[in-house]
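Enquirer: Here's a structure for you.
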Amino acid sequence: MKKFLALAMALAMTFALAACGEDAGGGAAASGSASASGSNPVLKVGVFEPASGDNGAGGKQEVLGIQYANQVVPTVDIGGQTYGIQLEIVDNQSTTDKAITAAQSLVNAGVSVVLGSYGSGVCIAAAPTFEQAQIPAIGCSCTNPAVTELNPYYFRVCFLDPFQGSVMANFVSEQFSAKKAYVLTMLGEDYGSGLGTYFTQAFQNLGGEVKSETFPEGTSDFSAYLQNAVTFGADVIFAPSATTYASLIIGQAAKSGVNIPITAGDTWESSVILDAQKGTDQQVYCSTFFDENDDSGLASTFVKGFKEFLNADAQNLTNNGGNDIVAAVSALGYDSYMTAIEAVKLAQSTAGADIQAALFKVNFDAVTGHITMNADTGDANKTEAYIKQATDGTFTFVKRQSVAG
């Protein structure tokens with residue numbers, strides 16, 4: 001119950017500061033004040049995402065979901081006053097060192113809550129900064145368990161890598177009757193190495209055999225790794241990595257005639273992957289959080305509105321990869337924003353410590369499924385993943401997959 005101990009300490013600090021007549025919750029109190037011109041007060045929401053670097057493409061799609069949510073719900077009522085919701089967007093550049101600087105800039109801007117990021121490593125790096133400032137952060141698609149472990153101010157709306165790794169191991173075992181899997185990840189990259197490990201453990205528990213290898217950052221030639229997969233006799237390749245490397249792996253596999261199905265996790269649900277697979281016979285699959293063909297009420301309403309939002313602005317289309325395909329991370333960005341606003345409404349406060357406490361109480365229907373938070377970890381309670389296949393420029397829904405099959 002580490003999060004509750006941290007919460008008690010944070011609340012004690014908040015009350016102490018309030019008694020002294022000082023702002024509580026780091027920069028949060030400032031964001032709830034009226035502007036100098038006397039206009040309506042503003043709630044500042046930080047957007048901590050990569051717009052550049054290895055994860056820039058996915059980060060931009062996640063931000064689009066947040067921006068659309070801000071368009072749908074631009075205000076929130078707190079204490080009888082209507083607050084305008086202002087997004088403060090920073091680029092964490094997909095790197096852990098730049099992430100700390102970006103996080104501090106959000107603290108300095110006086111945000112009350114933070115959304116993001118695409119990529120677990122940058123979240124882990126930034127977590128102490130947000131915790132020290134008593135500003136809660138809500139991850140959209142960061143799936144590494146370490147994001148929320150021992151980080152009482154970090155939450156998330158997506159499923160975790162242990163679950164996702166098990167889902168993919170079950171999927172390839174059922175779909176391809178796979179007995180041998182070749183796992184390829186980038187050396188030192190938290191997301192890929194973690195997901196690769198969870199997949200390996202689950203696949204071996206199902207009776208499968210695994211050969212694992214890593215490639216160094218900056219690799220452009222994957223021919224030797226692909227040949228190793230062939231030599232091993234792999235029935236499937238599991239290669240969770242940034243889309244910049246994924247496109248090279250897919251393209252080179254197709255060119256060299258390596259007809260082994262290539263699979264990965266949620267980061268591969270990207271237009272970059274579609275472009276790499278398009279025009280080839282390469283089988284490419286990924287697990288993800290959402291499918292735009294989901295015909296449930298909230299999901300279909302979101303998809304319709306989000307597509308209109310994309311097509312109304314050429315820059316939005318560009319940031320989405322040049323099309324109006326609805327990425328799962330955009331839906332998660334939308335849900336993270338709505339989760340933050342639900343917490344603010346429950347807290348009736350702009351102070352970070354109050355919003356952090358309220359996040360444990362959120363309970364509402366979201367685009368990617370009903371959202372409640374685990375009381376010990378702050379992780380959303382999720383039970384299923386979507387499996388999609390990249391097929392000649394579009395993603396085709398395959399099935400909903402749980403660990404049980």
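Quick note on naming: the chains in the structure tokens go A, B, ... in the order shown, residues restart at 1 in each chain, and ligands are numbered from 1 in order of appearance.
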Show me, as a PyMOL selection string, the residues that have an atom within 7 Å of Tyr182 (chain A) when counting only C-alpha atoms, minus same-chain residues fewer than 3 positions from it.
Expert: chain A and resi 210-212+229+234+236-238
Enquirer: Any chance you could list, as number ranges by chain, the residues in region 36-265 of chain A that come up alpha helix (DSSP H) when DSSP is run on the backbone?
Expert: A: 56-72, 96-109, 120-132, 161-175, 190-205, 223-232, 243-256
Enquirer: Enumerate the residues of region 126-158 of chain A with a DSSP assignment of strand (DSSP E), computed from the backbone, and present them as number ranges by chain.
Expert: A: 137-139, 154-156
Enquirer: With a distance cut-off of 9 Å and only C-alpha atoms, select the neighbouring residues of region 354-365 of chain A, excluding the residue or stretch itself and same-chain residues fewer than 2 positions from it, and output the selection as a VMD selection string.
Expert: chain A and resid 4 7 11 25 112 to 113 134 to 137 152 to 155 298 339 to 340 342 to 352 367 to 375 378
Enquirer: Please produce an output containing N, CA and C atoms for each residue in the selection, written as an mmCIF file, in the first residue's frame.
Expert:
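The resulting file, result.cif, is shown below:
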data_model
loop_
_atom_site.group_PDB
_atom_site.id
_atom_site.type_symbol
_atom_site.label_atom_id
_atom_site.label_comp_id
_atom_site.auth_asym_id
_atom_site.auth_seq_id
_atom_site.Cartn_x
_atom_site.Cartn_y
_atom_site.Cartn_z
ATOM 1 N N PHE A 4 -0.719 4.664 -0.741
ATOM 2 C CA PHE A 4 -1.542 5.318 0.266
ATOM 3 C C PHE A 4 -0.682 6.010 1.318
ATOM 4 N N LEU A 7 0.433 9.094 -0.227
ATOM 5 C CA LEU A 7 -0.692 10.027 -0.296
ATOM 6 C C LEU A 7 -0.881 10.731 1.039
ATOM 7 N N LEU A 11 -0.687 14.712 1.553
ATOM 8 C CA LEU A 11 -1.794 15.511 2.076
ATOM 9 C C LEU A 11 -1.362 16.309 3.296
ATOM 10 N N GLY A 25 0.821 21.675 -3.626
ATOM 11 C CA GLY A 25 0.825 20.832 -4.818
ATOM 12 C C GLY A 25 1.762 21.316 -5.888
ATOM 13 N N SER A 112 -1.470 20.863 -13.203
ATOM 14 C CA SER A 112 -2.083 20.147 -12.084
ATOM 15 C C SER A 112 -2.015 18.634 -12.261
ATOM 16 N N VAL A 113 -1.935 18.176 -13.497
ATOM 17 C CA VAL A 113 -1.892 16.755 -13.815
ATOM 18 C C VAL A 113 -1.185 16.606 -15.156
ATOM 19 N N GLN A 134 4.451 16.729 -6.446
ATOM 20 C CA GLN A 134 3.096 16.298 -6.103
ATOM 21 C C GLN A 134 2.128 16.546 -7.262
ATOM 22 N N ILE A 135 2.553 16.166 -8.451
ATOM 23 C CA ILE A 135 1.717 16.281 -9.645
ATOM 24 C C ILE A 135 1.480 14.878 -10.186
ATOM 25 N N PRO A 136 0.247 14.375 -10.196
ATOM 26 C CA PRO A 136 -0.006 13.036 -10.709
ATOM 27 C C PRO A 136 0.156 12.978 -12.222
ATOM 28 N N ALA A 137 0.659 11.853 -12.707
ATOM 29 C CA ALA A 137 0.804 11.609 -14.140
ATOM 30 C C ALA A 137 -0.002 10.373 -14.508
ATOM 31 N N PRO A 152 4.186 6.534 -6.542
ATOM 32 C CA PRO A 152 2.808 6.778 -6.093
ATOM 33 C C PRO A 152 2.062 7.840 -6.886
ATOM 34 N N TYR A 153 2.771 8.614 -7.697
ATOM 35 C CA TYR A 153 2.097 9.654 -8.477
ATOM 36 C C TYR A 153 1.942 9.278 -9.950
ATOM 37 N N TYR A 154 2.308 8.038 -10.314
ATOM 38 C CA TYR A 154 2.112 7.607 -11.701
ATOM 39 C C TYR A 154 0.987 6.581 -11.785
ATOM 40 N N PHE A 155 0.067 6.833 -12.717
ATOM 41 C CA PHE A 155 -1.062 5.945 -13.008
ATOM 42 C C PHE A 155 -1.005 5.591 -14.491
ATOM 43 N N LEU A 298 -19.706 4.073 -27.260
ATOM 44 C CA LEU A 298 -18.668 5.065 -27.009
ATOM 45 C C LEU A 298 -17.570 4.992 -28.055
ATOM 46 N N THR A 339 -9.908 10.521 -18.027
ATOM 47 C CA THR A 339 -9.637 10.018 -16.682
ATOM 48 C C THR A 339 -9.183 11.152 -15.776
ATOM 49 N N ALA A 340 -8.311 12.008 -16.288
ATOM 50 C CA ALA A 340 -7.840 13.158 -15.513
ATOM 51 C C ALA A 340 -8.995 14.078 -15.134
ATOM 52 N N GLU A 342 -12.193 13.289 -14.916
ATOM 53 C CA GLU A 342 -13.030 12.604 -13.925
ATOM 54 C C GLU A 342 -12.448 12.781 -12.526
ATOM 55 N N ALA A 343 -11.124 12.661 -12.401
ATOM 56 C CA ALA A 343 -10.475 12.817 -11.095
ATOM 57 C C ALA A 343 -10.594 14.245 -10.584
ATOM 58 N N VAL A 344 -10.436 15.212 -11.481
ATOM 59 C CA VAL A 344 -10.568 16.617 -11.090
ATOM 60 C C VAL A 344 -11.978 16.893 -10.590
ATOM 61 N N LYS A 345 -12.975 16.345 -11.275
ATOM 62 C CA LYS A 345 -14.363 16.539 -10.854
ATOM 63 C C LYS A 345 -14.623 15.905 -9.484
ATOM 64 N N LEU A 346 -14.033 14.742 -9.245
ATOM 65 C CA LEU A 346 -14.180 14.093 -7.949
ATOM 66 C C LEU A 346 -13.470 14.876 -6.853
ATOM 67 N N ALA A 347 -12.288 15.381 -7.177
ATOM 68 C CA ALA A 347 -11.489 16.113 -6.197
ATOM 69 C C ALA A 347 -12.045 17.500 -5.918
ATOM 70 N N GLN A 348 -12.693 18.092 -6.931
ATOM 71 C CA GLN A 348 -13.143 19.487 -6.836
ATOM 72 C C GLN A 348 -11.982 20.382 -6.395
ATOM 73 N N SER A 349 -10.846 20.156 -7.045
ATOM 74 C CA SER A 349 -9.627 20.864 -6.671
ATOM 75 C C SER A 349 -8.650 20.828 -7.838
ATOM 76 N N THR A 350 -7.749 21.798 -7.867
ATOM 77 C CA THR A 350 -6.663 21.789 -8.862
ATOM 78 C C THR A 350 -5.350 21.369 -8.237
ATOM 79 N N ALA A 351 -5.334 21.073 -6.937
ATOM 80 C CA ALA A 351 -4.107 20.659 -6.261
ATOM 81 C C ALA A 351 -3.745 19.232 -6.643
ATOM 82 N N GLY A 352 -2.488 19.016 -6.972
ATOM 83 C CA GLY A 352 -2.054 17.703 -7.428
ATOM 84 C C GLY A 352 -2.327 16.589 -6.441
ATOM 85 N N VAL A 367 -13.511 4.909 -23.840
ATOM 86 C CA VAL A 367 -13.473 4.380 -25.208
ATOM 87 C C VAL A 367 -12.829 2.996 -25.252
ATOM 88 N N THR A 368 -11.754 2.795 -24.489
ATOM 89 C CA THR A 368 -11.029 1.523 -24.524
ATOM 90 C C THR A 368 -11.514 0.542 -23.466
ATOM 91 N N GLY A 369 -12.655 0.826 -22.858
ATOM 92 C CA GLY A 369 -13.221 -0.062 -21.859
ATOM 93 C C GLY A 369 -13.448 0.661 -20.545
ATOM 94 N N HIS A 370 -14.169 0.022 -19.641
ATOM 95 C CA HIS A 370 -14.469 0.635 -18.343
ATOM 96 C C HIS A 370 -13.168 0.849 -17.569
ATOM 97 N N ILE A 371 -13.045 1.999 -16.919
ATOM 98 C CA ILE A 371 -11.806 2.327 -16.223
ATOM 99 C C ILE A 371 -12.038 2.457 -14.725
ATOM 100 N N THR A 372 -11.346 1.599 -13.992
ATOM 101 C CA THR A 372 -11.142 1.729 -12.557
ATOM 102 C C THR A 372 -9.656 1.485 -12.325
ATOM 103 N N MET A 373 -9.146 1.918 -11.177
ATOM 104 C CA MET A 373 -7.720 1.798 -10.894
ATOM 105 C C MET A 373 -7.455 0.766 -9.805
ATOM 106 N N ASN A 374 -6.394 -0.007 -9.994
ATOM 107 C CA ASN A 374 -5.945 -0.932 -8.960
ATOM 108 C C ASN A 374 -5.524 -0.125 -7.734
ATOM 109 N N ALA A 375 -6.042 -0.490 -6.565
ATOM 110 C CA ALA A 375 -5.820 0.302 -5.359
ATOM 111 C C ALA A 375 -4.378 0.281 -4.877
ATOM 112 N N GLY A 378 -2.287 1.669 -8.994
ATOM 113 C CA GLY A 378 -2.722 2.774 -9.850
ATOM 114 C C GLY A 378 -2.805 2.394 -11.314
#
Enquirer: Quick one: distance from CA of Gln104 (chain A) to CA of Gln71 (chain A) in Å, one decimal?
Expert: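 Taking CA of Gln104 (chain A) and CA of Gln71 (chain A), their separation equals 25.9 Å.
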Enquirer: I'd like to know which of A:Thr143, A:Ser105, A:Thr75, A:Gln67 is closest to Ala380 (chain A), using only C-alpha atoms.
Expert: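 With only C-alpha atoms as the atom set, the closest residue is A:Thr143.
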Enquirer: With distances taken over only C-alpha atoms, which residue among A:Met338, A:Pro41, A:Tyr118, A:Lys399 lies nearest Val72 (chain A)?
Expert: A:Met338
Enquirer: Just how far from CA of Leu195 (chain A) is CA of Tyr285 (chain A), in Å to one decimal?
Expert: 15.0 Å
Enquirer: So, counting only C-alpha atoms, which residue among A:Ala224, A:Ile89, A:Ile341, A:Leu274 is closest to Gly321 (chain A)?
Expert: A:Leu274
